[in-house]
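So this one's work22.tsv, TSV, N, CA and C atoms:
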```
chain	number	residue	atom	x	y	z
A	283	MET	N	-19.97	12.63	0.07
A	283	MET	CA	-19.40	11.55	0.85
A	283	MET	C	-19.45	10.22	0.09
A	284	GLN	N	-20.45	10.08	-0.78
A	284	GLN	CA	-20.54	8.83	-1.54
A	284	GLN	C	-19.30	8.64	-2.42
A	285	GLU	N	-18.89	9.71	-3.07
A	285	GLU	CA	-17.71	9.62	-3.94
A	285	GLU	C	-16.45	9.32	-3.12
A	286	PHE	N	-16.34	9.95	-1.95
A	286	PHE	CA	-15.20	9.68	-1.07
A	286	PHE	C	-15.20	8.22	-0.65
A	287	ARG	N	-16.37	7.72	-0.31
A	287	ARG	CA	-16.50	6.32	0.11
A	287	ARG	C	-16.06	5.37	-1.02
A	288	GLN	N	-16.48	5.65	-2.25
A	288	GLN	CA	-16.09	4.82	-3.38
A	288	GLN	C	-14.58	4.86	-3.61
A	289	ARG	N	-14.01	6.04	-3.49
A	289	ARG	CA	-12.57	6.17	-3.68
A	289	ARG	C	-11.80	5.45	-2.57
A	290	LEU	N	-12.33	5.51	-1.35
A	290	LEU	CA	-11.69	4.82	-0.23
A	290	LEU	C	-11.72	3.31	-0.44
A	291	PHE	N	-12.85	2.78	-0.90
A	291	PHE	CA	-12.94	1.35	-1.21
A	291	PHE	C	-11.95	0.98	-2.30
A	292	ALA	N	-11.83	1.81	-3.32
A	292	ALA	CA	-10.89	1.54	-4.41
A	292	ALA	C	-9.45	1.51	-3.88
A	293	PHE	N	-9.15	2.41	-2.94
A	293	PHE	CA	-7.82	2.42	-2.34
A	293	PHE	C	-7.56	1.13	-1.58
A	294	TYR	N	-8.53	0.71	-0.77
A	294	TYR	CA	-8.35	-0.53	0.00
A	294	TYR	C	-8.21	-1.74	-0.92
A	295	GLN	N	-8.93	-1.74	-2.02
A	295	GLN	CA	-8.81	-2.84	-2.98
A	295	GLN	C	-7.43	-2.83	-3.64
A	296	ALA	N	-6.91	-1.66	-3.94
A	296	ALA	CA	-5.59	-1.56	-4.57
A	296	ALA	C	-4.48	-1.90	-3.58
A	297	ARG	N	-4.72	-1.66	-2.29
A	297	ARG	CA	-3.71	-1.91	-1.25
A	297	ARG	C	-3.60	-3.38	-0.87
A	298	GLN	N	-4.70	-4.11	-0.97
A	298	GLN	CA	-4.72	-5.48	-0.49
A	298	GLN	C	-3.67	-6.39	-1.13
A	299	PRO	N	-3.49	-6.36	-2.46
A	299	PRO	CA	-2.44	-7.21	-3.05
A	299	PRO	C	-1.04	-6.91	-2.50
A	300	LEU	N	-0.77	-5.64	-2.18
A	300	LEU	CA	0.52	-5.29	-1.62
A	300	LEU	C	0.66	-5.84	-0.20
A	301	LEU	N	-0.41	-5.78	0.58
A	301	LEU	CA	-0.38	-6.36	1.93
A	301	LEU	C	-0.20	-7.88	1.87
A	302	ASP	N	-0.86	-8.51	0.90
A	302	ASP	CA	-0.70	-9.95	0.72
A	302	ASP	C	0.74	-10.30	0.36
A	303	LEU	N	1.33	-9.49	-0.50
A	303	LEU	CA	2.71	-9.71	-0.90
A	303	LEU	C	3.66	-9.53	0.28
A	304	LYS	N	3.37	-8.53	1.11
A	304	LYS	CA	4.19	-8.29	2.30
A	304	LYS	C	4.10	-9.49	3.25
A	305	ALA	N	2.90	-10.01	3.45
A	305	ALA	CA	2.72	-11.18	4.32
A	305	ALA	C	3.47	-12.38	3.74
A	306	LYS	N	3.41	-12.54	2.44
A	306	LYS	CA	4.11	-13.65	1.78
A	306	LYS	C	5.62	-13.54	2.00
A	307	SER	N	6.15	-12.33	1.91
A	307	SER	CA	7.59	-12.13	2.07
A	307	SER	C	8.04	-12.39	3.50
A	308	GLN	N	7.13	-12.25	4.47
A	308	GLN	CA	7.49	-12.45	5.86
A	308	GLN	C	7.22	-13.87	6.35
A	309	ASP	N	6.65	-14.70	5.48
A	309	ASP	CA	6.39	-16.08	5.83
A	309	ASP	C	7.68	-16.88	5.71
A	310	MET	N	8.19	-17.35	6.84
A	310	MET	CA	9.46	-18.06	6.86
A	310	MET	C	9.38	-19.43	6.19
A	311	PHE	N	8.20	-19.99	6.08
A	311	PHE	CA	8.06	-21.34	5.57
A	311	PHE	C	7.83	-21.41	4.06
A	312	SER	N	7.61	-20.27	3.43
A	312	SER	CA	7.37	-20.31	1.99
A	312	SER	C	8.65	-19.99	1.23
A	313	GLN	N	8.76	-20.54	0.06
A	313	GLN	CA	9.90	-20.29	-0.81
A	313	GLN	C	9.56	-19.10	-1.70
A	314	TRP	N	10.38	-18.09	-1.71
A	314	TRP	CA	10.14	-16.95	-2.56
A	314	TRP	C	11.45	-16.36	-3.02
A	315	ASP	N	11.40	-15.77	-4.17
A	315	ASP	CA	12.56	-15.11	-4.75
A	315	ASP	C	12.44	-13.62	-4.43
A	316	GLU	N	13.43	-13.08	-3.76
A	316	GLU	CA	13.39	-11.68	-3.33
A	316	GLU	C	13.23	-10.72	-4.51
A	317	GLU	N	13.92	-10.98	-5.58
A	317	GLU	CA	13.83	-10.12	-6.76
A	317	GLU	C	12.43	-10.16	-7.37
A	318	ASP	N	11.84	-11.34	-7.40
A	318	ASP	CA	10.49	-11.50	-7.93
A	318	ASP	C	9.47	-10.74	-7.08
A	319	LEU	N	9.61	-10.83	-5.76
A	319	LEU	CA	8.71	-10.10	-4.87
A	319	LEU	C	8.86	-8.59	-5.05
A	320	ARG	N	10.09	-8.14	-5.22
A	320	ARG	CA	10.33	-6.71	-5.43
A	320	ARG	C	9.67	-6.23	-6.71
A	321	ARG	N	9.81	-7.00	-7.78
A	321	ARG	CA	9.19	-6.63	-9.06
A	321	ARG	C	7.67	-6.60	-8.94
A	322	GLN	N	7.12	-7.60	-8.26
A	322	GLN	CA	5.67	-7.63	-8.09
A	322	GLN	C	5.20	-6.40	-7.30
A	323	GLY	N	5.91	-6.07	-6.24
A	323	GLY	CA	5.57	-4.90	-5.43
A	323	GLY	C	5.64	-3.61	-6.22
A	324	GLU	N	6.69	-3.46	-7.01
A	324	GLU	CA	6.83	-2.27	-7.85
A	324	GLU	C	5.71	-2.19	-8.89
A	325	GLY	N	5.25	-3.34	-9.35
A	325	GLY	CA	4.15	-3.36	-10.32
A	325	GLY	C	2.83	-2.93	-9.72
A	326	LEU	N	2.68	-3.12	-8.41
A	326	LEU	CA	1.44	-2.75	-7.73
A	326	LEU	C	1.39	-1.27	-7.33
A	327	LEU	N	2.55	-0.65	-7.21
A	327	LEU	CA	2.60	0.73	-6.70
A	327	LEU	C	1.87	1.78	-7.53
A	328	PRO	N	1.95	1.76	-8.87
A	328	PRO	CA	1.25	2.83	-9.61
A	328	PRO	C	-0.26	2.87	-9.35
A	329	ALA	N	-0.91	1.72	-9.32
A	329	ALA	CA	-2.36	1.70	-9.07
A	329	ALA	C	-2.66	2.15	-7.65
A	330	LEU	N	-1.83	1.75	-6.71
A	330	LEU	CA	-2.03	2.13	-5.31
A	330	LEU	C	-1.83	3.64	-5.13
A	331	THR	N	-0.81	4.17	-5.76
A	331	THR	CA	-0.52	5.60	-5.66
A	331	THR	C	-1.66	6.42	-6.27
A	332	GLU	N	-2.16	5.98	-7.41
A	332	GLU	CA	-3.27	6.69	-8.04
A	332	GLU	C	-4.51	6.65	-7.15
A	333	ALA	N	-4.82	5.50	-6.58
A	333	ALA	CA	-5.98	5.37	-5.70
A	333	ALA	C	-5.81	6.24	-4.46
A	334	ARG	N	-4.59	6.29	-3.92
A	334	ARG	CA	-4.30	7.12	-2.75
A	334	ARG	C	-4.50	8.59	-3.07
A	335	ASP	N	-4.01	9.02	-4.22
A	335	ASP	CA	-4.16	10.42	-4.64
A	335	ASP	C	-5.63	10.80	-4.80
A	336	ARG	N	-6.41	9.87	-5.34
A	336	ARG	CA	-7.84	10.15	-5.54
A	336	ARG	C	-8.56	10.31	-4.20
A	337	VAL	N	-8.19	9.54	-3.20
A	337	VAL	CA	-8.78	9.72	-1.86
A	337	VAL	C	-8.34	11.07	-1.30
A	338	GLY	N	-7.07	11.37	-1.46
A	338	GLY	CA	-6.53	12.63	-0.93
A	338	GLY	C	-7.21	13.86	-1.49
A	339	GLN	N	-7.68	13.78	-2.73
A	339	GLN	CA	-8.35	14.92	-3.36
A	339	GLN	C	-9.63	15.32	-2.62
A	340	LEU	N	-10.30	14.36	-2.01
A	340	LEU	CA	-11.57	14.64	-1.33
A	340	LEU	C	-11.45	14.61	0.20
A	341	MET	N	-10.23	14.43	0.70
A	341	MET	CA	-10.04	14.27	2.13
A	341	MET	C	-10.48	15.50	2.94
A	342	ALA	N	-10.12	16.68	2.50
A	342	ALA	CA	-10.48	17.89	3.24
A	342	ALA	C	-12.00	18.07	3.29
A	343	GLU	N	-12.65	17.82	2.16
A	343	GLU	CA	-14.11	17.94	2.12
A	343	GLU	C	-14.78	16.89	3.00
A	344	ALA	N	-14.29	15.66	2.97
A	344	ALA	CA	-14.85	14.60	3.80
A	344	ALA	C	-14.67	14.91	5.28
A	345	THR	N	-13.51	15.45	5.63
A	345	THR	CA	-13.25	15.81	7.03
A	345	THR	C	-14.19	16.93	7.47
A	346	GLU	N	-14.38	17.92	6.61
A	346	GLU	CA	-15.27	19.03	6.93
A	346	GLU	C	-16.70	18.55	7.15
A	347	ILE	N	-17.17	17.67	6.29
A	347	ILE	CA	-18.54	17.14	6.43
A	347	ILE	C	-18.66	16.31	7.70
A	348	ALA	N	-17.69	15.46	7.97
A	348	ALA	CA	-17.72	14.63	9.17
A	348	ALA	C	-17.71	15.50	10.43
A	349	ASN	N	-16.89	16.53	10.42
A	349	ASN	CA	-16.83	17.44	11.57
A	349	ASN	C	-18.16	18.17	11.78
A	350	ARG	N	-18.83	18.52	10.69
A	350	ARG	CA	-20.13	19.19	10.77
A	350	ARG	C	-21.14	18.38	11.57
A	351	TYR	N	-21.03	17.06	11.47
A	351	TYR	CA	-21.98	16.17	12.15
A	351	TYR	C	-21.42	15.60	13.44
A	352	GLY	N	-20.34	16.17	13.91
A	352	GLY	CA	-19.77	15.75	15.19
A	352	GLY	C	-19.11	14.38	15.18
A	353	MET	N	-18.72	13.94	14.01
A	353	MET	CA	-18.06	12.63	13.90
A	353	MET	C	-16.58	12.79	14.24
A	354	PRO	N	-16.00	11.79	14.91
A	354	PRO	CA	-14.58	11.89	15.29
A	354	PRO	C	-13.66	11.70	14.09
A	355	THR	N	-12.89	12.72	13.78
A	355	THR	CA	-11.98	12.62	12.64
A	355	THR	C	-10.52	12.69	13.07
A	356	GLU	N	-10.30	12.82	14.36
A	356	GLU	CA	-8.94	12.92	14.87
A	356	GLU	C	-8.55	11.59	15.49
A	357	LEU	N	-7.39	11.10	15.11
A	357	LEU	CA	-6.88	9.83	15.60
A	357	LEU	C	-5.64	10.11	16.43
A	358	GLN	N	-5.62	9.57	17.63
A	358	GLN	CA	-4.44	9.73	18.47
A	358	GLN	C	-3.75	8.37	18.59
A	359	ILE	N	-2.50	8.33	18.18
A	359	ILE	CA	-1.71	7.11	18.23
A	359	ILE	C	-0.68	7.27	19.34
A	360	LEU	N	-0.80	6.41	20.34
A	360	LEU	CA	0.10	6.47	21.49
A	360	LEU	C	1.19	5.42	21.37
A	361	PRO	N	2.36	5.72	21.92
A	361	PRO	CA	3.44	4.72	21.86
A	361	PRO	C	3.13	3.56	22.81
A	362	PRO	N	3.75	2.42	22.57
A	362	PRO	CA	3.57	1.31	23.51
A	362	PRO	C	4.05	1.74	24.90
A	363	PRO	N	3.40	1.26	25.96
A	363	PRO	CA	3.73	1.69	27.32
A	363	PRO	C	5.21	1.50	27.70
A	364	LEU	N	5.82	0.43	27.27
A	364	LEU	CA	7.22	0.19	27.64
A	364	LEU	C	8.19	1.11	26.92
A	365	ILE	N	7.78	1.63	25.77
A	365	ILE	CA	8.65	2.53	25.01
A	365	ILE	C	8.50	3.95	25.51
A	366	GLY	N	7.27	4.38	25.73
A	366	GLY	CA	7.02	5.74	26.19
A	366	GLY	C	7.24	6.76	25.09
A	367	GLY	N	7.02	8.00	25.42
A	367	GLY	CA	7.21	9.07	24.45
A	367	GLY	C	5.91	9.78	24.16
A	368	TYR	N	5.95	10.61	23.16
A	368	TYR	CA	4.80	11.43	22.81
A	368	TYR	C	3.92	10.71	21.80
A	369	GLY	N	2.63	10.96	21.92
A	369	GLY	CA	1.68	10.42	20.97
A	369	GLY	C	1.64	11.26	19.72
A	370	HIS	N	1.02	10.72	18.70
A	370	HIS	CA	0.85	11.43	17.43
A	370	HIS	C	-0.65	11.59	17.18
A	371	THR	N	-1.05	12.79	16.80
A	371	THR	CA	-2.43	13.06	16.46
A	371	THR	C	-2.49	13.38	14.97
A	372	MET	N	-3.43	12.70	14.30
A	372	MET	CA	-3.57	12.95	12.87
A	372	MET	C	-5.00	12.72	12.43
A	373	ASN	N	-5.32	13.20	11.26
A	373	ASN	CA	-6.63	13.01	10.67
A	373	ASN	C	-6.81	11.52	10.37
A	374	ILE	N	-7.97	10.97	10.72
A	374	ILE	CA	-8.21	9.54	10.53
A	374	ILE	C	-8.20	9.15	9.06
A	375	PHE	N	-8.66	10.04	8.18
A	375	PHE	CA	-8.66	9.73	6.75
A	375	PHE	C	-7.23	9.75	6.20
A	376	GLU	N	-6.42	10.65	6.71
A	376	GLU	CA	-5.01	10.69	6.32
A	376	GLU	C	-4.31	9.42	6.79
A	377	ALA	N	-4.61	9.01	8.03
A	377	ALA	CA	-4.01	7.79	8.56
A	377	ALA	C	-4.42	6.57	7.75
A	378	ALA	N	-5.65	6.59	7.23
A	378	ALA	CA	-6.16	5.45	6.46
A	378	ALA	C	-5.37	5.21	5.18
A	379	ILE	N	-4.79	6.26	4.61
A	379	ILE	CA	-4.08	6.10	3.34
A	379	ILE	C	-2.56	6.16	3.49
A	380	GLU	N	-2.09	6.30	4.72
A	380	GLU	CA	-0.64	6.29	4.95
A	380	GLU	C	-0.11	4.87	4.79
A	381	PHE	N	1.09	4.75	4.26
A	381	PHE	CA	1.68	3.43	4.08
A	381	PHE	C	2.20	2.86	5.39
A	382	GLN	N	2.66	3.73	6.29
A	382	GLN	CA	3.11	3.27	7.60
A	382	GLN	C	2.78	4.34	8.63
A	383	LEU	N	2.20	3.90	9.75
A	383	LEU	CA	1.82	4.81	10.82
A	383	LEU	C	2.83	4.74	11.96
A	384	PRO	N	2.87	5.77	12.80
A	384	PRO	CA	3.80	5.75	13.93
A	384	PRO	C	3.61	4.52	14.81
A	385	PHE	N	4.70	4.05	15.36
A	385	PHE	CA	4.72	2.91	16.28
A	385	PHE	C	4.13	1.64	15.66
A	386	ASP	N	4.20	1.55	14.33
A	386	ASP	CA	3.65	0.40	13.59
A	386	ASP	C	2.17	0.16	13.91
A	387	PHE	N	1.47	1.25	14.21
A	387	PHE	CA	0.03	1.16	14.49
A	387	PHE	C	-0.69	0.73	13.22
A	388	GLU	N	-1.67	-0.14	13.37
A	388	GLU	CA	-2.46	-0.58	12.22
A	388	GLU	C	-3.90	-0.14	12.43
A	389	LEU	N	-4.37	0.70	11.55
A	389	LEU	CA	-5.74	1.20	11.58
A	389	LEU	C	-6.61	0.26	10.76
A	390	GLU	N	-7.57	-0.33	11.40
A	390	GLU	CA	-8.47	-1.26	10.72
A	390	GLU	C	-9.32	-0.50	9.70
A	391	PRO	N	-9.33	-0.94	8.46
A	391	PRO	CA	-10.16	-0.28	7.45
A	391	PRO	C	-11.63	-0.22	7.86
A	392	ARG	N	-12.09	-1.22	8.57
A	392	ARG	CA	-13.49	-1.27	9.00
A	392	ARG	C	-13.87	-0.03	9.81
A	393	LYS	N	-12.97	0.44	10.66
A	393	LYS	CA	-13.26	1.61	11.49
A	393	LYS	C	-13.43	2.87	10.64
A	394	VAL	N	-12.61	3.01	9.63
A	394	VAL	CA	-12.70	4.18	8.75
A	394	VAL	C	-13.96	4.08	7.89
A	395	VAL	N	-14.22	2.90	7.36
A	395	VAL	CA	-15.41	2.69	6.53
A	395	VAL	C	-16.67	2.95	7.35
A	396	ASP	N	-16.69	2.48	8.60
A	396	ASP	CA	-17.85	2.73	9.47
A	396	ASP	C	-18.06	4.23	9.70
A	397	LEU	N	-16.98	4.95	9.92
A	397	LEU	CA	-17.07	6.40	10.12
A	397	LEU	C	-17.64	7.07	8.87
A	398	VAL	N	-17.18	6.66	7.71
A	398	VAL	CA	-17.68	7.24	6.45
A	398	VAL	C	-19.16	6.90	6.27
A	399	LYS	N	-19.54	5.66	6.56
A	399	LYS	CA	-20.95	5.26	6.43
A	399	LYS	C	-21.84	6.07	7.37
A	400	GLN	N	-21.42	6.21	8.63
A	400	GLN	CA	-22.21	6.98	9.60
A	400	GLN	C	-22.35	8.43	9.17
A	401	THR	N	-21.27	9.00	8.68
A	401	THR	CA	-21.31	10.39	8.21
A	401	THR	C	-22.23	10.52	7.01
A	402	THR	N	-22.16	9.56	6.10
A	402	THR	CA	-23.01	9.58	4.90
A	402	THR	C	-24.47	9.52	5.28
A	403	VAL	N	-24.81	8.65	6.21
A	403	VAL	CA	-26.21	8.52	6.64
A	403	VAL	C	-26.69	9.83	7.26
A	404	ARG	N	-25.90	10.40	8.15
A	404	ARG	CA	-26.30	11.68	8.77
A	404	ARG	C	-26.44	12.77	7.72
A	405	HIS	N	-25.51	12.80	6.79
A	405	HIS	CA	-25.52	13.83	5.76
A	405	HIS	C	-26.76	13.70	4.87
A	406	GLU	N	-27.12	12.47	4.52
A	406	GLU	CA	-28.28	12.25	3.66
A	406	GLU	C	-29.59	12.52	4.39
A	407	ARG	N	-29.66	12.19	5.66
A	407	ARG	CA	-30.89	12.41	6.43
A	407	ARG	C	-31.13	13.88	6.74
A	408	LYS	N	-30.09	14.56	7.12
A	408	LYS	CA	-30.24	15.95	7.55
A	408	LYS	C	-30.01	16.94	6.42
A	409	GLY	N	-29.36	16.49	5.36
A	409	GLY	CA	-29.02	17.42	4.30
A	409	GLY	C	-27.87	18.29	4.75
A	410	PRO	N	-27.25	18.99	3.82
A	410	PRO	CA	-26.12	19.84	4.20
A	410	PRO	C	-26.54	20.89	5.23
A	411	ARG	N	-25.85	20.91	6.34
A	411	ARG	CA	-26.16	21.90	7.38
A	411	ARG	C	-25.66	23.28	6.96
A	412	ARG	N	-26.41	24.24	7.35
A	412	ARG	CA	-26.01	25.62	7.09
A	412	ARG	C	-25.17	26.12	8.28
A	413	ALA	N	-24.19	26.92	7.99
A	413	ALA	CA	-23.38	27.50	9.06
A	413	ALA	C	-24.24	28.47	9.86
A	414	GLN	N	-24.16	28.37	11.17
A	414	GLN	CA	-24.95	29.24	12.03
A	414	GLN	C	-24.16	30.48	12.40
A	415	CYS	N	-24.81	31.61	12.33
A	415	CYS	CA	-24.14	32.86	12.71
A	415	CYS	C	-24.17	32.97	14.23
A	416	VAL	N	-23.08	33.42	14.80
A	416	VAL	CA	-23.01	33.58	16.25
A	416	VAL	C	-23.13	35.04	16.60
```
Once you've parsed the file, please lay out its structure as C-alpha cells.
Amino acid sequence: MQEFRQRLFAFYQARQPLLDLKAKSQDMFSQWDEEDLRRQGEGLLPALTEARDRVGQLMAEATEIANRYGMPTELQILPPPLIGGYGHTMNIFEAAIEFQLPFDFELEPRKVVDLVKQTTVRHERKGPRRAQCV
C-alpha cells in the first residue's frame, strides 16, 4: 500500500498543473491565448498519463487489500435530482484517476488519500490477513 500511496501522490502532483491550466482557461477576466493554453496542456499530458498508468498497475492489489480490511472501495455517483436517471458505481481508486467522472462529479483527493492511509495503517498493524477456509 505504501507504493500505491506514493504513486497516487505522484499522480495528484502531475494532475495539478493541468487543473490550474483548466481554471485559467475558464477565467473570463484573464487574457490568454487559446493556442498557447492548448500547447501547455499537451505538454503536461505525457507526465500525467505515465503517473496514471503507474497508479493503475497497483489498483487491483490496492483494492484487494482495502477490501480485506473492510474499507469502502466502491463509489456510487448519483445524478443531480433535477436531471434524474441511473447512478454509476465504480471503484474509488479508478474514479480517482479518471479525467472526467459522470455528472461532472468531483472526487476530492483527500477522501482517496484518507482511505489509502487508513488501509495502510490497518495493514501494517494487523499484517497481511490469511484467507479463512469456510
### Task
Using DSSP on the backbone coordinates, identify all residues within range 304-391 of chain A classified as helix (DSSP H, G or I); present the result as number ranges by chain.
A: 304-308, 316-350, 374-379, 384-386, 391
### Query
In Å to one decimal, how far is CA of Pro354 in chain A from CA of His405 in chain A?
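Value for the CA of His405 in chain A-CA of Pro354 in chain A distance: 14.6 Å.
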### Task
Between A:Gln382, A:Gln308, A:Thr331, A:Gln322, single out the one closest to Ala296 in chain A, counting all atoms listed in the file.
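Checking each of A:Gln382, A:Gln308, A:Thr331, A:Gln322 against Ala296 in chain A, counting all atoms listed in the file, the winner is A:Thr331.
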What are the centre and the three edge lengths of an axis-aligned box that wraps all atoms of range 378-381 of chain A in the file, given that 3 Å is added to every side, written as AutoDock Vina command-line options and rounded to one decimal in Å?
```
--center_x -2.0 --center_y 4.7 --center_z 5.3 --size_x 14.4 --size_y 9.7 --size_z 9.9
```
### Task
Find, counting all atoms listed in the file, the residue in A:His370, A:Arg297, A:Arg289, A:Lys304 that gets nearest to Val337 in chain A.
A:Arg289
